[in-house]
>>> print(open('structure05.txt').read())   # compact mmCIF, C-alpha atoms
# COMPACT_ATOMS: atom_id res chain seq x y z
CA MET J 1 71.97 87.65 31.85
CA LEU J 2 74.07 89.84 34.08
CA ASP J 3 72.93 92.56 36.42
CA ARG J 4 75.06 95.50 35.33
CA ARG J 5 75.72 96.88 38.81
CA GLU J 6 76.61 93.52 40.29
CA PHE J 7 78.89 92.68 37.36
CA VAL J 8 80.76 96.02 37.41
CA ARG J 9 81.04 95.94 41.21
CA GLU J 10 82.57 92.47 41.11
CA LEU J 11 84.80 93.42 38.20
CA LEU J 12 86.30 96.38 40.08
CA VAL J 13 86.88 94.55 43.37
CA ASP J 14 90.51 94.97 44.47
CA ARG J 15 91.20 97.16 41.47
CA ASN J 16 94.35 98.65 43.03
CA ASP J 17 95.85 101.07 40.53
CA LEU J 18 93.76 99.96 37.58
CA VAL J 19 92.95 102.84 35.25
CA VAL J 20 89.29 102.98 34.16
CA VAL J 21 87.77 104.94 31.28
CA SER J 22 83.97 104.81 31.38
CA GLY J 23 81.76 105.44 28.36
CA LEU J 24 79.03 108.07 28.57
CA GLY J 25 75.67 107.21 30.09
CA SER J 26 75.07 104.11 32.16
CA PRO J 27 78.66 102.75 32.18
CA THR J 28 79.80 106.01 33.80
CA TYR J 29 77.02 105.64 36.40
CA ASP J 30 77.92 101.97 36.95
CA VAL J 31 81.57 102.81 37.62
CA ALA J 32 80.59 105.69 39.91
CA ALA J 33 78.23 103.37 41.81
CA CYS J 34 81.25 101.28 42.85
CA GLY J 35 82.66 104.29 44.66
CA ASP J 36 84.45 107.31 43.29
CA HIS J 37 88.13 106.86 42.42
CA PRO J 38 90.66 109.38 41.05
CA LEU J 39 91.84 106.88 38.43
CA ASN J 40 88.36 106.88 36.88
CA PHE J 41 88.10 108.96 33.74
CA TYR J 42 84.34 109.44 33.45
CA LEU J 43 83.03 110.38 30.05
CA TRP J 44 79.87 112.46 29.80
CA GLY J 45 80.10 112.87 26.05
CA ALA J 46 82.58 112.19 23.21
CA MET J 47 80.51 109.21 22.13
CA GLY J 48 82.61 106.69 20.21
CA GLY J 49 85.88 107.86 21.77
CA ALA J 50 86.23 105.69 24.88
CA ALA J 51 88.32 102.92 23.30
CA MET J 52 90.71 105.40 21.67
CA ILE J 53 91.21 107.27 24.94
CA GLY J 54 92.10 103.85 26.32
CA LEU J 55 94.60 103.32 23.51
CA GLY J 56 96.32 106.67 24.09
CA LEU J 57 96.55 105.87 27.80
CA ALA J 58 97.76 102.32 27.24
CA LEU J 59 100.54 103.51 24.93
CA ALA J 60 101.59 106.24 27.36
CA GLN J 61 101.48 103.95 30.41
CA PRO J 62 102.68 100.53 29.25
CA ALA J 63 103.34 99.31 32.79
CA ARG J 64 99.76 99.93 33.85
CA ARG J 65 96.51 98.09 33.13
CA VAL J 66 93.88 100.13 31.30
CA LEU J 67 90.19 99.14 31.34
CA VAL J 68 87.66 100.76 29.04
CA LEU J 69 84.17 100.06 30.32
CA THR J 70 81.53 101.15 27.87
CA GLY J 71 78.15 100.35 26.36
CA ASP J 72 77.15 98.65 23.13
CA GLY J 73 75.98 101.88 21.49
CA GLU J 74 79.17 103.74 22.36
CA ALA J 75 81.32 100.84 21.14
CA LEU J 76 79.36 100.65 17.89
CA MET J 77 79.85 104.35 17.22
CA GLY J 78 83.61 103.82 17.45
CA LEU J 79 83.75 100.49 15.65
CA GLY J 80 86.68 101.63 13.50
CA SER J 81 88.76 102.12 16.64
CA ILE J 82 88.63 98.35 17.22
CA ALA J 83 90.56 98.01 13.94
CA THR J 84 92.96 100.80 14.95
CA ILE J 85 93.65 99.10 18.28
CA GLY J 86 94.15 95.82 16.40
CA VAL J 87 96.97 97.47 14.46
CA LYS J 88 98.80 98.63 17.59
CA ARG J 89 97.90 95.63 19.78
CA PRO J 90 98.68 97.13 23.22
CA GLY J 91 99.16 94.31 25.72
CA ASN J 92 97.72 96.32 28.62
CA LEU J 93 94.35 97.36 27.18
CA VAL J 94 91.05 95.62 27.92
CA ILE J 95 87.65 96.75 26.64
CA VAL J 96 84.54 95.51 28.41
CA VAL J 97 81.31 96.27 26.57
CA LEU J 98 78.21 96.24 28.77
CA ASP J 99 75.76 95.03 26.17
CA ASN J 100 72.06 95.45 26.87
CA GLN J 101 71.35 95.61 23.12
CA HIS J 102 69.66 98.97 23.54
CA TYR J 103 70.32 102.71 23.76
CA GLY J 104 69.39 103.32 27.37
CA GLU J 105 69.90 107.10 27.46
CA THR J 106 67.59 107.84 24.57
CA GLY J 107 64.61 105.64 25.38
CA MET J 108 65.73 102.04 24.90
CA GLN J 109 65.79 101.86 21.13
CA PRO J 110 67.40 98.60 19.94
CA SER J 111 71.08 98.75 18.99
CA HIS J 112 72.89 96.81 16.28
CA THR J 113 73.85 94.08 18.75
CA ARG J 114 70.13 93.40 19.14
CA ALA J 115 70.12 92.35 15.49
CA GLY J 116 73.01 89.99 16.14
CA ILE J 117 76.00 92.16 15.24
CA ASP J 118 78.75 90.32 17.04
CA LEU J 119 81.38 92.47 18.77
CA VAL J 120 83.40 89.42 19.84
CA ALA J 121 83.73 88.39 16.20
CA VAL J 122 84.66 91.97 15.26
CA ALA J 123 87.44 92.00 17.88
CA ARG J 124 88.74 88.62 16.73
CA ALA J 125 88.73 89.79 13.13
CA CYS J 126 90.68 92.85 14.26
CA ARG J 127 93.55 90.80 15.73
CA PHE J 128 92.63 91.15 19.40
CA SER J 129 94.57 88.64 21.51
CA ASP J 130 91.38 87.46 23.13
CA ALA J 131 87.68 88.16 22.83
CA LEU J 132 84.85 86.55 24.73
CA TYR J 133 81.16 86.75 25.45
CA VAL J 134 79.92 86.41 29.03
CA SER J 135 76.38 86.36 30.36
CA GLU J 136 76.61 84.72 33.81
CA ILE J 137 77.98 86.28 36.97
CA GLY J 138 80.06 83.14 37.53
CA ALA J 139 82.33 84.36 34.71
CA VAL J 140 83.22 87.64 36.42
CA GLY J 141 86.31 86.20 38.15
CA ARG J 142 87.73 85.17 34.81
CA VAL J 143 87.03 88.59 33.32
CA ARG J 144 88.64 90.29 36.33
CA ASP J 145 91.71 88.10 35.87
CA LEU J 146 91.88 89.08 32.19
CA VAL J 147 91.57 92.76 33.10
CA HIS J 148 94.54 92.54 35.46
CA ASN J 149 96.70 89.86 33.87
CA GLY J 150 95.52 89.01 30.35
CA ARG J 151 97.58 89.81 27.29
CA GLY J 152 95.76 92.59 25.48
CA PRO J 153 94.12 93.82 23.55
CA ILE J 154 91.12 91.96 24.91
CA LEU J 155 87.42 92.62 24.33
CA VAL J 156 84.70 91.22 26.56
CA GLN J 157 81.09 91.50 25.48
CA ALA J 158 79.11 91.24 28.71
CA ARG J 159 75.41 90.61 28.14
CA ILE J 160 73.54 92.56 30.78
CA SER J 161 69.83 92.75 31.44
CA ASN J 162 67.69 95.81 30.79
CA LYS J 163 66.75 96.14 34.42
CA PRO J 164 67.06 99.85 35.19
CA ALA J 165 69.57 100.89 37.84
CA PRO J 166 69.43 104.10 39.87
CA ARG J 167 71.52 106.90 38.41
CA VAL J 168 74.72 107.54 40.34
CA LEU J 169 76.20 110.72 38.99
CA PRO J 170 79.93 111.38 39.46
CA ILE J 171 81.65 114.73 38.97
CA ARG J 172 80.95 116.29 35.60
CA ASP J 173 83.59 119.02 35.33
CA GLY J 174 85.98 117.75 32.66
CA HIS J 175 88.92 119.80 33.92
CA ALA J 176 88.48 118.44 37.44
CA ILE J 177 88.17 114.84 36.22
CA LYS J 178 91.31 115.25 34.12
CA LEU J 179 93.42 117.01 36.74
CA ARG J 180 92.71 114.65 39.60
CA PHE J 181 93.28 111.68 37.28
CA MET J 182 96.68 113.00 36.19
CA GLU J 183 97.65 113.87 39.76
CA ALA J 184 96.70 110.40 40.97
CA LEU J 185 98.62 108.81 38.13
CA SER J 186 101.82 110.74 38.83
CA ALA J 187 101.52 110.32 42.63
CA ASN J 188 101.09 106.64 42.06
CA LEU J 189 104.20 106.51 39.90
CA ALA J 190 106.39 108.35 42.38
CA MET X 1 121.80 123.38 -5.66
CA SER X 2 120.28 120.47 -3.78
CA ASN X 3 117.85 122.90 -2.14
CA ARG X 4 116.55 123.82 -5.56
CA THR X 5 116.10 120.26 -6.70
CA LYS X 6 114.32 119.02 -3.57
CA PRO X 7 112.46 121.93 -1.98
CA ALA X 8 109.39 119.83 -1.12
CA LEU X 9 111.38 117.66 1.28
CA GLN X 10 112.33 120.53 3.55
CA TRP X 11 109.17 121.60 5.36
CA PRO X 12 108.01 118.19 6.66
CA ASP X 13 111.47 117.76 8.16
CA ALA X 14 111.09 121.12 9.87
CA ILE X 15 107.82 119.94 11.47
CA TYR X 16 109.45 116.70 12.57
CA THR X 17 112.32 118.63 14.16
CA GLN X 18 109.76 120.62 16.15
CA PHE X 19 108.06 117.38 17.22
CA ARG X 20 111.41 116.19 18.54
CA ARG X 21 112.07 119.49 20.29
CA VAL X 22 108.81 119.48 22.25
CA GLY X 23 108.80 115.71 22.81
CA ILE X 24 105.78 114.53 20.83
CA ARG X 25 105.33 110.86 21.75
CA GLN X 26 102.11 109.91 19.94
CA VAL X 27 101.10 110.84 16.42
CA GLY X 28 97.67 109.92 15.07
CA TYR X 29 97.22 110.17 11.34
CA VAL X 30 95.24 109.13 8.33
CA PRO X 31 97.18 108.30 5.16
CA ASP X 32 97.73 111.53 3.24
CA ALA X 33 99.93 112.57 0.33
CA GLY X 34 100.76 115.95 1.84
CA HIS X 35 101.78 114.44 5.17
CA SER X 36 103.53 111.39 3.69
CA ARG X 37 107.10 112.51 4.39
CA LEU X 38 106.28 113.55 7.96
CA ILE X 39 104.40 110.29 8.58
CA GLU X 40 107.44 108.37 7.33
CA LEU X 41 109.70 110.24 9.75
CA CYS X 42 107.34 109.59 12.68
CA VAL X 43 106.96 105.88 11.85
CA LYS X 44 110.75 105.47 11.81
CA ASP X 45 111.19 107.20 15.17
CA PRO X 46 111.29 104.68 18.04
CA ASN X 47 110.28 107.42 20.50
CA ILE X 48 107.01 108.07 18.68
CA HIS X 49 103.97 105.81 18.72
CA ASP X 50 102.51 106.20 15.24
CA VAL X 51 98.82 105.37 15.19
CA VAL X 52 97.13 105.01 11.83
CA LEU X 53 93.43 105.81 12.19
CA THR X 54 90.33 104.69 10.33
CA THR X 55 88.81 108.15 10.81
CA GLU X 56 90.16 111.40 12.19
CA GLU X 57 88.01 111.66 15.32
CA GLU X 58 89.73 108.56 16.65
CA GLY X 59 92.88 110.67 16.76
CA VAL X 60 91.18 113.32 18.89
CA ALA X 61 90.31 110.72 21.53
CA LEU X 62 93.78 109.19 21.21
CA ALA X 63 95.35 112.58 21.94
CA ALA X 64 93.19 112.97 25.06
CA GLY X 65 94.25 109.54 26.33
CA ALA X 66 97.89 110.30 25.54
CA VAL X 67 97.79 113.48 27.62
CA LEU X 68 96.07 111.67 30.50
CA GLY X 69 98.95 109.21 30.45
CA GLY X 70 101.62 111.92 30.31
CA HIS X 71 102.40 111.98 26.59
CA ARG X 72 102.24 114.84 24.13
CA ALA X 73 100.37 114.04 20.95
CA ALA X 74 99.85 115.51 17.50
CA LEU X 75 97.33 114.76 14.77
CA LEU X 76 98.07 114.79 11.06
CA ILE X 77 94.87 115.14 9.06
CA GLN X 78 93.36 116.63 5.91
CA SER X 79 90.94 119.51 5.81
CA SER X 80 88.09 117.10 5.01
CA GLY X 81 88.89 115.25 8.25
CA VAL X 82 88.24 118.32 10.38
CA GLY X 83 84.55 117.84 9.69
CA ASN X 84 84.74 114.30 11.02
CA CYS X 85 86.17 115.53 14.33
CA ILE X 86 83.73 118.18 15.42
CA ASN X 87 81.84 116.43 18.21
CA MET X 88 85.00 114.71 19.48
CA PHE X 89 86.70 118.11 19.76
CA SER X 90 84.28 118.77 22.64
CA LEU X 91 86.33 116.29 24.68
CA LEU X 92 89.39 118.53 24.34
CA LYS X 93 87.48 121.69 25.15
CA ASN X 94 85.58 120.28 28.11
CA CYS X 95 88.68 118.92 29.78
CA GLY X 96 91.30 121.46 28.68
CA PHE X 97 93.47 118.94 26.86
CA PRO X 98 96.23 120.47 24.75
CA CYS X 99 96.17 119.41 21.13
CA LEU X 100 98.27 120.14 18.08
CA VAL X 101 96.63 119.41 14.73
CA LEU X 102 98.43 119.76 11.43
CA VAL X 103 95.95 120.09 8.61
CA THR X 104 96.89 119.69 4.97
CA MET X 105 94.46 121.83 3.00
CA ARG X 106 92.38 120.75 0.05
CA GLY X 107 89.71 122.69 -1.71
CA GLU X 108 91.69 125.86 -2.21
CA PHE X 109 94.59 126.81 -4.54
CA ALA X 110 94.51 124.84 -7.83
CA GLU X 111 91.95 122.33 -6.54
CA PHE X 112 90.71 120.10 -9.34
CA ASN X 113 88.01 118.36 -7.30
CA PRO X 114 84.99 120.49 -6.41
CA TRP X 115 83.95 117.91 -3.78
CA GLN X 116 86.91 119.03 -1.69
CA VAL X 117 85.87 122.67 -1.73
CA ALA X 118 82.75 122.34 0.46
CA MET X 119 84.76 121.28 3.51
CA GLY X 120 88.05 122.96 2.60
CA SER X 121 86.39 126.37 2.45
CA ILE X 122 84.95 126.05 5.99
CA THR X 123 87.83 124.20 7.64
CA GLU X 124 89.42 127.16 9.37
CA ALA X 125 86.10 128.65 10.51
CA SER X 126 85.02 125.24 11.86
CA LEU X 127 88.23 124.87 13.84
CA LYS X 128 87.75 128.33 15.33
CA LEU X 129 84.18 127.49 16.34
CA CYS X 130 85.54 124.39 18.09
CA GLY X 131 87.94 126.47 20.15
CA PHE X 132 91.13 126.17 18.13
CA LEU X 133 93.69 128.86 17.48
CA THR X 134 94.52 128.60 13.80
CA TYR X 135 97.66 129.53 11.90
CA ARG X 136 98.10 129.27 8.16
CA VAL X 137 101.38 128.49 6.48
CA GLU X 138 101.84 129.51 2.85
CA ALA X 139 105.63 129.41 2.39
CA PRO X 140 108.09 126.61 3.19
CA ASP X 141 110.41 129.02 4.99
CA ASP X 142 107.67 129.87 7.52
CA VAL X 143 106.93 126.29 8.57
CA ASP X 144 109.57 125.99 11.28
CA GLU X 145 108.67 129.21 13.05
CA ILE X 146 104.90 128.81 12.88
CA VAL X 147 104.85 125.14 13.85
CA GLY X 148 107.34 125.83 16.64
CA GLY X 149 105.18 128.64 17.97
CA GLY X 150 102.08 126.47 17.69
CA CYS X 151 103.75 123.65 19.64
CA ASP X 152 104.65 126.02 22.46
CA MET X 153 101.16 127.48 22.65
CA ALA X 154 99.54 124.05 22.67
CA PHE X 155 101.76 122.34 25.20
CA ASN X 156 102.80 125.21 27.45
CA GLY X 157 99.36 126.76 27.45
CA ASP X 158 97.11 123.67 27.30
CA LEU X 159 95.52 125.14 24.20
CA LEU X 160 94.03 123.80 21.00
CA VAL X 161 96.21 124.76 18.06
CA ALA X 162 95.68 123.95 14.41
CA ILE X 163 98.28 124.68 11.75
CA LEU X 164 96.79 124.86 8.27
CA LEU X 165 99.32 123.82 5.64
CA SER X 166 98.04 125.54 2.53
CA GLN X 167 97.56 123.84 -0.78
CA ARG X 168 100.14 126.18 -2.32
CA LEU X 169 102.69 124.95 0.19
CA ILE X 170 101.91 121.30 -0.39
CA GLY X 171 101.75 121.62 -4.14
CA ARG X 172 98.90 120.94 -6.48
CA LYS X 173 97.71 117.37 -6.73
CA ILE X 174 98.66 115.71 -9.99
CA TRP X 175 95.70 113.51 -10.74
CA ASN X 176 96.05 112.58 -14.39
CA LYS X 177 98.66 109.88 -13.91
>>> encode(input="structure05.txt", output="structure tokens")
Amino acid sequence: MLDRREFVRELLVDRNDLVVVSGLGSPTYDVAACGDHPLNFYLWGAMGGAAMIGLGLALAQPARRVLVLTGDGEALMGLGSIATIGVKRPGNLVIVVLDNQHYGETGMQPSHTRAGIDLVAVARACRFSDALYVSEIGAVGRVRDLVHNGRGPILVQARISNKPAPRVLPIRDGHAIKLRFMEALSANLA
Amino acid sequence: MSNRTKPALQWPDAIYTQFRRVGIRQVGYVPDAGHSRLIELCVKDPNIHDVVLTTEEEGVALAAGAVLGGHRAALLIQSSGVGNCINMFSLLKNCGFPCLVLVTMRGEFAEFNPWQVAMGSITEASLKLCGFLTYRVEAPDDVDEIVGGGCDMAFNGDLLVAILLSQRLIGRKIWNK
């Protein structure tokens, strides 16, 4: 099983101008723990919406790579959006689900993936170009390559351990997160 | 003469013309009889990404992502779908994303299905509670002006605007065929 911090840190190495949307709770803390970045759109709520924010971004910015990094509970709440993304099939969108099979924020109750609900199979059934399950850190290079170069939409279900990680809290003001993201995006385009 | 034979075709075209004027680039929608003509126009437009949703709150998150990426977005939903969106609307409010939502109303004039009334009767109040400015349209001739004004408020003012297209405007649902 993967250590979530090590996996996310390795995944975001040399990210360049990669756009990252992080799902509420631990994925937001994991992304923040790699160092703050203006092209991070940290979610602190809107559970179930991360993948669709990624779709809107991917359609608006077709020349850019968009990574949605979220948890199993958040992904399950927006399961229909996997089908919606499968209709549009944006080539620049990658979803990485950090799957610890539990709801970490609410006291570690088991999630549907704990019972064997298979997000990789869901993504394949929804016409994703690629979908894979990883559980060893040796696979992170391949996932990083898919994030930057793979033909989307791609879903990666990354099995992480339940080992708790210290909370690293990024900025929480939604207006500030949005404005600096949009500024960085347009500066980067110019 | 032709205006009298095809009045129902006019107002969706007026909305589409406003979409073109303000440069709407992404339209999220759920299949809907009232919006069918407008959906058709958006699907045919190569400048618009039409995104068919499994549930309306997906469209709220889509609109946020669109704005982050520099696109203007609109949502086409039914009054029942407003209820599905409520928590996701917090994303728009917390971050100050502009959003234009066009809501076809059920559960009001000549409604045959009482199951539509529970949500239809609280749609406008729910939108207001979520931070939306709401405007109702009753007559086809008012669509252009009200939708145009709503577009400007949403996208020039970074505001949440919902246009309620009344059941009288859309026409009563014929359900016995």
>>> closest_residue(input="structure05.txt", among="J:Val168, J:Ala83, J:Met47, J:Val134", to="Asp30 (chain J)", atoms="only C-alpha atoms")
J:Val168
>>> interface_residues(input="structure05.txt", of="chain X", to="chain J", cutoff="7 Å", atoms="all atoms listed in the file", output="NGL selection string")
:X and (52-54 or 58 or 61-66 or 68-71 or 87-88 or 90-91 or 94-96)
>>> atom_distance(input="structure05.txt", atom1="CA of Gly141 (chain J)", atom2="CA of Val97 (chain J)")
16.1 Å
>>> residues_around(input="structure05.txt", residues="region 137-148 of chain X", least_positions_apart="5", cutoff="7 Å", atoms="all atoms listed in the file", output="number ranges by chain")
X: 11, 14-15, 18, 163-166, 168-169
>>> residues_around(input="structure05.txt", residues="Leu119 (chain J)", least_positions_apart="5", cutoff="9 Å", atoms="all atoms listed in the file", output="list of chain:residue names")
J:Asp72, J:Ala75, J:Leu76, J:Leu79, J:Val97, J:Thr113, J:Arg124, J:Ala131, J:Tyr133, J:Leu155, J:Val156, J:Gln157
>>> closest_residue(input="structure05.txt", among="X:Tyr135, X:Phe97, X:Phe109, X:Trp115", to="Gly157 (chain X)", atoms="only C-alpha atoms")
X:Phe97
>>> axis_aligned_box(input="structure05.txt", around="region 7-15 of chain J", padding_each_side="4 Å", output="JSON")
{"center_x": 85.0, "center_y": 94.8, "center_z": 40.9, "size_x": 20.3, "size_y": 12.7, "size_z": 15.1}
>>> closest_residue(input="structure05.txt", among="X:Ala154, X:Leu76, X:Val117, X:Ala110", to="Gly34 (chain X)", atoms="only C-alpha atoms")
X:Leu76
>>> closest_residue(input="structure05.txt", among="X:Leu102, X:Ala162, X:Met153, X:Ile24", to="Cys130 (chain X)", atoms="all atoms listed in the file")
X:Ala162
>>> atom_distance(input="structure05.txt", atom1="CA of Ser36 (chain X)", atom2="CA of Asn92 (chain J)")
29.7 Å
>>> closest_residue(input="structure05.txt", among="X:Asn47, X:Thr17, X:Pro98, X:Glu111", to="Asp152 (chain X)", atoms="only C-alpha atoms")
X:Pro98
>>> closest_residue(input="structure05.txt", among="J:Ile137, J:Ile154, J:Ala123, J:Ile160", to="Leu11 (chain J)", atoms="only C-alpha atoms")
J:Ile137
>>> residues_near_point(input="structure05.txt", point="(91.8, 92.9, 38.1)", cutoff="6 Å", atoms="only C-alpha atoms", output="PyMOL selection string")
chain J and resi 15+144-145+147-148
>>> atom_distance(input="structure05.txt", atom1="CA of Gly23 (chain X)", atom2="CA of Arg180 (chain J)")
23.3 Å
>>> residues_around(input="structure05.txt", residues="Val31 (chain J)", least_positions_apart="5", cutoff="10 Å", atoms="only C-alpha atoms", output="short mmCIF file (atom, residue, chain, number, x, y, z; two decimals) with C-alpha atoms, in the coordinates of the input")
data_model
loop_
_atom_site.label_atom_id
_atom_site.label_comp_id
_atom_site.auth_asym_id
_atom_site.auth_seq_id
_atom_site.Cartn_x
_atom_site.Cartn_y
_atom_site.Cartn_z
CA ARG J 5 75.72 96.88 38.81
CA VAL J 8 80.76 96.02 37.41
CA ARG J 9 81.04 95.94 41.21
CA LEU J 11 84.80 93.42 38.20
CA LEU J 12 86.30 96.38 40.08
CA VAL J 20 89.29 102.98 34.16
CA VAL J 21 87.77 104.94 31.28
CA SER J 22 83.97 104.81 31.38
CA GLY J 23 81.76 105.44 28.36
CA SER J 26 75.07 104.11 32.16
CA ASP J 36 84.45 107.31 43.29
CA HIS J 37 88.13 106.86 42.42
CA ASN J 40 88.36 106.88 36.88
CA PHE J 41 88.10 108.96 33.74
CA TYR J 42 84.34 109.44 33.45
CA LEU J 69 84.17 100.06 30.32
CA THR J 70 81.53 101.15 27.87
CA VAL J 168 74.72 107.54 40.34
CA LEU J 169 76.20 110.72 38.99
CA PRO J 170 79.93 111.38 39.46
#
>>> residues_around(input="structure05.txt", residues="Val60 (chain X)", least_positions_apart="5", cutoff="8 Å", atoms="all atoms listed in the file", output="list in words")
Leu75, Cys85, Met88, Phe89 and Leu92 of chain X
